[in-house]
Amino acid sequence: MSFIKFTSLASALLLIFGFIPKFEKPQEIRLSNEDKIEWMTIEQAEEACKKTPKKIFIDVYTDWCGWCKKMDKTTFVDPAVVKYINQEFYAVKMDAEDKNNIIFKNKVFKYNPQNQANELAVMMLNGQMSYPSTVYLDEKLNVIQTMGGYLDGKQFNMVLHYFGQGAYKKKKSLEDFKKDYKEEL
C-alpha cells in the first residue's frame, strides 16, 4: 500500500469518525431530601405505625425488573407523588427476592427457593409474582389492595389519593374515583 493511499484512507477515517456525534449519558436529577420519598423497611414502617398510625405503601420490586427501575426514575421522583406519599403514607421498598428473613406482625418470613421470592412478598402479592407491584396496607397493617404494573406519576398520584383519602372504604371503585379526581398542583 502506498503512503498516499494510506494517508487518504486515514484522512477519510478521521473525517468519518470525527463527525460522529458523541452521545453523553443524561445527568441524573439531583433531589434534596424534601424531594425524595422517605423509604423504610417493613419493620421500620410497622414500628412507626405503632407510634403514629398511617397507611403503608409498599413498592415490591426486583433488581432485574426494567419497569421497576423506570418507576424509580420517573414516578417516584414526581414532586406530587413524593409530597403525598411522605405526607400520608409510610413508604416501604421491598425486594421480592430478598434472601434475608423479614419480621412482620411477629412472624418470620424466609426466602422461598420454589417461588424465588421472600414468603412475605409471596403472601402480599397473593402468589402473583408480577413486578412492579404495589401493596397498600391500612393503619392496622392489613392489606387493603395489591396492584400490579407500571404507573406514571399522574396515574400513580391518583391511585395514592384513592387509598389516602379512604375512597376504598366507601366501596367507591377506582374508576368512579378517577372521574371525580382533580389532580393537586
# chains A, B, ... in the order shown; residues from 1 in each chain; ligands from 1

call {"tool": "select_by_dssp", "arguments": {"residues": "chain A", "states": "helix (DSSP H, G or I)", "output": "ChimeraX atom specification"}}
result
/A:3-18,33-35,42-51,66-73,75-77,79-88,119-124,153-164,167-170,174-180

call {"tool": "residues_around", "arguments": {"residues": "A:Tyr162", "least_positions_apart": "2", "cutoff": "10 Å", "atoms": "only C-alpha atoms", "output": "PyMOL selection string"}}
result
chain A and resi 156-160+164-169+172-174+177-178+181

call {"tool": "closest_atom_pairs", "arguments": {"of": "stretch 99-143 of chain A", "to": "stretch 150-154 of chain A", "cutoff": "12 Å", "atoms": "only C-alpha atoms", "output": "JSON lines"}}
result
{"residue": "A:Ser130", "atom": "CA", "partner": "A:Tyr150", "partner_atom": "CA", "distance": 10.4}
{"residue": "A:Tyr131", "atom": "CA", "partner": "A:Tyr150", "partner_atom": "CA", "distance": 8.1}
{"residue": "A:Pro132", "atom": "CA", "partner": "A:Tyr150", "partner_atom": "CA", "distance": 6.2}
{"residue": "A:Ser133", "atom": "CA", "partner": "A:Tyr150", "partner_atom": "CA", "distance": 7.8}
{"residue": "A:Thr134", "atom": "CA", "partner": "A:Tyr150", "partner_atom": "CA", "distance": 9.4}

call {"tool": "write_last_selection", "arguments": {"atoms": "N, CA and C atoms", "output": "compact mmCIF listing (two decimals), in the first residue's frame"}}
result
# COMPACT_ATOMS: atom_id res chain seq x y z
N SER A 130 -45.60 -10.58 40.04
CA SER A 130 -45.52 -9.64 38.93
C SER A 130 -44.88 -8.36 39.45
N TYR A 131 -43.96 -7.82 38.66
CA TYR A 131 -43.23 -6.64 39.10
C TYR A 131 -43.27 -5.56 38.03
N PRO A 132 -43.36 -4.31 38.46
CA PRO A 132 -43.54 -3.85 39.83
C PRO A 132 -44.97 -4.10 40.31
N SER A 133 -45.08 -4.25 41.61
CA SER A 133 -46.40 -4.34 42.24
C SER A 133 -46.40 -3.39 43.42
N THR A 134 -47.58 -2.90 43.74
CA THR A 134 -47.72 -2.03 44.91
C THR A 134 -48.76 -2.64 45.82

call {"tool": "residues_around", "arguments": {"residues": "A:Met94", "least_positions_apart": "6", "cutoff": "8 Å", "atoms": "only C-alpha atoms", "output": "MDAnalysis selection string"}}
result
chainID A and resid 41:42 58:61 121

call {"tool": "select_by_dssp", "arguments": {"residues": "stretch 75-124 of chain A", "states": "strand (DSSP E or B)", "output": "number ranges by chain"}}
result
A: 89-95, 102-104, 107-109, 111-112, 117-118

call {"tool": "residues_around", "arguments": {"residues": "A:Asn142", "least_positions_apart": "5", "cutoff": "12 Å", "atoms": "only C-alpha atoms", "output": "list in words"}}
result
Glu46, Cys49, Lys54, Lys55, Ile56, Phe57, Phe104, Lys105, Met123, Met124, Val135, Tyr136 and Leu137 of chain A

call {"tool": "atom_distance", "arguments": {"atom1": "atom CA of A:Glu119", "atom2": "atom CA of A:Ile103"}}
result
10.7 Å

call {"tool": "closest_residue", "arguments": {"among": "A:Met71, A:Val122, A:Ala96, A:Leu141", "to": "A:Ala48", "atoms": "only C-alpha atoms"}}
result
A:Leu141

call {"tool": "atom_distance", "arguments": {"atom1": "atom CA of A:Asn118", "atom2": "atom CA of A:Lys83"}}
result
29.6 Å
